[in-house]
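Quick notes on the structure that follows.
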Amino acid sequence: MLIDLHAHSNVSDGTETPAQLVGAAAAAGLDVVALTDHDQTSGWGEAAAAARRIGIGLVPGMEISCKAGRGLSVHLLSYLHDPTNEDLLEEINKARDARIHRARRMVELIAEDYPITWDLVGEQSAPGATLGRPHIADALVAAGVVSDRSEAFATVLTSHSRYYVGHYAVDPIRAVELVRAAGGVPVFAHPMAEMRGRVVAPAVFDDMIDAGLLGVEIAHRDNSVSGREFLGSLARRHGLIVTGSSDYHGVGKPNRLGENTTEPAMLERILEAGTGSAPVAIGNL
Ligand code: AMP
Ligand code: FE
Ligand code: FE
Ligand code: ZN
């Protein structure tokens, strides 16, 4: 069983439609894939139809933008929550809206030095997509400033750059509570991605666990080696679900589908705990 529980479509910052992503997952030999676009679930229907047609398992999910403390960006995966839950919707809608204003401001600043425009960014994103730096990166590629997203993130778009602007996002402890209240399964995404920047303090993990966090994503290319050890012992101490995933973004990132996978027993626990929506076409684990 090959199970990959973290992948993006062009509903956020992936480069494939939800149906194409599901097709790519089947072609990569996966048995189960989760669609986890940033801050929205509008790809679920298309992905579910594709999964039924192709005969691959689908776990509906989402990756919630969160902000810990004053400005530390962290991501919380949610599986199988009720996509119509109003309290959760209110928060993700606020984040998506804040992302638009923030992207506009970043484009204004970048346009002082590089030949990009808001329209060019618009051309890089599907209508209604959750806007992020990856779309600005694609505009920089289209303008010939950089050769790919990786180069854009290493230069113009790093969080240390003078063009960087933050945006509103929910506190991760509150996000955990909202996901649980919506019948979802909260799993902390790439919690020890130390190469991306600062990570949260151990006390924040404890608070998130107290709030109802159910799992941690350990096998993810951005987690440091020492960070994985920390997460492993945290998971053992607290009986957390442990996942491994690719964080696939189509051609937007080097991450390949199935490069990290999740044990069937762990998916079983997610399916048992998630009561807000239904998985699609998952056979015997
Ligand atoms: P944002 O949430 O708009 O600040 O942008 C962060 C998003 O950019 C994350 O969801 C990542 O998927 C993506 N990202 C971060 N680093 C890179 C990178 N080096 N190359 C491509 N995409 C990246
Ligand atoms: Fe992303
Ligand atoms: Fe993430
Ligand atoms: Zn992701």
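Chains: A, B, ... in order of the structure tokens. Residues: from 1 per chain. Ligands: from 1, in order shown.
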
Query raised in the report: Which protein, DNA or RNA residues have an atom within 12 Å of ligand 2, counting only C-alpha atoms and all ligand atoms, as a PyMOL selection string?
Result: chain A and resi 6-15+35-39+62-65+74-75+77+129-135+137+149+153+189-190+246-253+255

Requested in this report: From the DSSP assignment of the backbone, select every residue of segment 106-209 of chain A that is strand (DSSP E), and format the answer as a ChimeraX atom specification.
Outcome: /A:185-188

Keeping only N, CA, C and O atoms, take the residues you just selected and write them out as a short mmCIF file (atom, residue, chain, number, x, y, z; two decimals), in the first residue's frame.
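Produced file part.cif, reproduced below:
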data_model
loop_
_atom_site.label_atom_id
_atom_site.label_comp_id
_atom_site.auth_asym_id
_atom_site.auth_seq_id
_atom_site.Cartn_x
_atom_site.Cartn_y
_atom_site.Cartn_z
N VAL A 185 -9.34 15.68 11.38
CA VAL A 185 -8.16 15.12 12.04
C VAL A 185 -7.00 16.07 11.82
O VAL A 185 -6.47 16.18 10.71
N PRO A 186 -6.57 16.80 12.87
CA PRO A 186 -5.48 17.76 12.71
C PRO A 186 -4.10 17.09 12.83
O PRO A 186 -3.82 16.40 13.81
N VAL A 187 -3.29 17.31 11.82
CA VAL A 187 -1.92 16.76 11.77
C VAL A 187 -0.98 17.92 11.47
O VAL A 187 -1.15 18.63 10.47
N PHE A 188 -0.02 18.11 12.32
CA PHE A 188 0.94 19.23 12.17
C PHE A 188 1.82 18.94 10.95
O PHE A 188 2.53 17.94 10.91
#

Report summary line: One residue among A:Pro191, A:Gly184, A:Gly45, A:Pro279 is nearest to ligand 4 when using only C-alpha atoms and all ligand atoms, and that residue is A:Pro191

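Of the listed residues (A:Ala193, A:Met1, A:Val176, A:Ile54), A:Ala193 comes nearest to ligand 4; the distances count only C-alpha atoms and all ligand atoms.
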
Report task. Grab the atom CA of Ala169 of chain A to atom 14 (N, counted along the ligand's line) of ligand 1 distance for me, in Å with one decimal place. Result ->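 Those two atoms sit 16.7 Å apart.
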
Query raised in the report: What's the 12 Å shell around Thr155 of chain A, counting only C-alpha atoms, without same-chain residues fewer than 6 positions away, as JSON, numbers by chain?
Result: {"A": [110, 137, 140, 145, 146, 147, 148, 149, 161, 162, 163, 164]}

Query raised in the report: What separation in Å, quoted to one decimal, exists between atom CA of Gly197 of chain A and atom CA of Arg228 of chain A?
Result: 15.7 Å

Report task. Please identify which residues in segment 10-97 of chain A DSSP calls alpha helix (DSSP H) from the backbone, and express them as a ChimeraX atom specification. Result -> /A:18-27,44-54,86-97

Report task. Measuring atom to atom with only C-alpha atoms, identify which of A:Leu109, A:His101, A:Asn284, A:Ala273 is nearest to Gly212 of chain A. Result ->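 Nearest to Gly212 of chain A: A:Ala273.
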
Mind checking which residues fall within 12 Å of segment 22-31 of chain A, counting only C-alpha atoms, ignoring those fewer than 6 positions away in the same chain, and posting them as a JSON list (two decimals) with C-alpha atoms, in the first residue's frame?
[["chain", "number", "residue", "atom", "x", "y", "z"],
["A", 1, "MET", "CA", 0.00, 0.00, 0.00],
["A", 2, "LEU", "CA", 1.44, 3.36, -1.04],
["A", 3, "ILE", "CA", -0.23, 6.21, 0.82],
["A", 4, "ASP", "CA", 0.72, 9.88, 0.31],
["A", 5, "LEU", "CA", -1.29, 12.27, 2.48],
["A", 6, "HIS", "CA", -0.14, 15.72, 1.36],
["A", 7, "ALA", "CA", -0.49, 17.09, -2.18],
["A", 8, "HIS", "CA", -1.56, 20.37, -3.78],
["A", 9, "SER", "CA", -3.55, 21.20, -6.91],
["A", 15, "THR", "CA", 0.33, 23.29, -10.98],
["A", 16, "GLU", "CA", -2.22, 20.58, -11.89],
["A", 43, "GLY", "CA", -11.08, 20.87, -5.29],
["A", 44, "TRP", "CA", -12.67, 18.03, -3.32],
["A", 45, "GLY", "CA", -15.56, 17.36, -5.71],
["A", 46, "GLU", "CA", -13.45, 17.18, -8.85],
["A", 47, "ALA", "CA", -10.80, 15.08, -7.09],
["A", 48, "ALA", "CA", -13.43, 12.66, -5.74],
["A", 49, "ALA", "CA", -14.98, 12.19, -9.18],
["A", 50, "ALA", "CA", -11.55, 11.52, -10.67],
["A", 51, "ALA", "CA", -10.65, 9.08, -7.87],
["A", 52, "ARG", "CA", -13.88, 7.11, -8.42],
["A", 53, "ARG", "CA", -13.31, 7.03, -12.17],
["A", 54, "ILE", "CA", -9.67, 5.97, -11.91],
["A", 55, "GLY", "CA", -10.09, 3.69, -8.90],
["A", 56, "ILE", "CA", -7.63, 5.26, -6.45],
["A", 57, "GLY", "CA", -8.30, 6.12, -2.82],
["A", 58, "LEU", "CA", -8.76, 9.78, -1.90],
["A", 59, "VAL", "CA", -8.67, 11.42, 1.51],
["A", 60, "PRO", "CA", -10.17, 14.92, 1.38],
["A", 245, "SER", "CA", 4.11, 12.63, 2.68],
["A", 246, "SER", "CA", 5.49, 14.27, -0.41],
["A", 248, "TYR", "CA", 3.68, 17.49, -4.07],
["A", 249, "HIS", "CA", 3.05, 20.75, -5.97],
["A", 250, "GLY", "CA", 3.13, 19.46, -9.59],
["A", 251, "VAL", "CA", 6.05, 21.01, -11.46],
["A", 256, "ARG", "CA", 7.69, 13.77, -6.16],
["A", 257, "LEU", "CA", 4.45, 11.91, -5.36],
["A", 258, "GLY", "CA", 5.16, 8.98, -3.05],
["A", 259, "GLU", "CA", 8.67, 10.13, -2.10],
["A", 260, "ASN", "CA", 7.48, 9.70, 1.52],
["A", 261, "THR", "CA", 4.53, 7.56, 2.52],
["A", 262, "THR", "CA", 2.28, 6.80, 5.48],
["A", 263, "GLU", "CA", 1.76, 3.37, 7.10],
["A", 264, "PRO", "CA", -1.68, 1.82, 6.47],
["A", 267, "LEU", "CA", -4.27, 5.96, 7.77],
["A", 280, "VAL", "CA", -13.41, 7.95, -1.46],
["A", 281, "ALA", "CA", -12.70, 4.49, -2.85],
["A", 282, "ILE", "CA", -10.27, 3.33, -0.17],
["A", 283, "GLY", "CA", -9.98, -0.47, -0.32],
["A", 284, "ASN", "CA", -8.72, -2.80, 2.39],
["A", 285, "LEU", "CA", -5.78, -1.34, 4.23]]

Query raised in the report: Looking at A:Gly276, A:Gly61, A:Pro127, A:Pro115, which one is nearest to ligand 4, with distances taken over only C-alpha atoms and all ligand atoms?
Result: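 Nearest candidate to ligand 4 out of A:Gly276, A:Gly61, A:Pro127, A:Pro115: A:Gly61.
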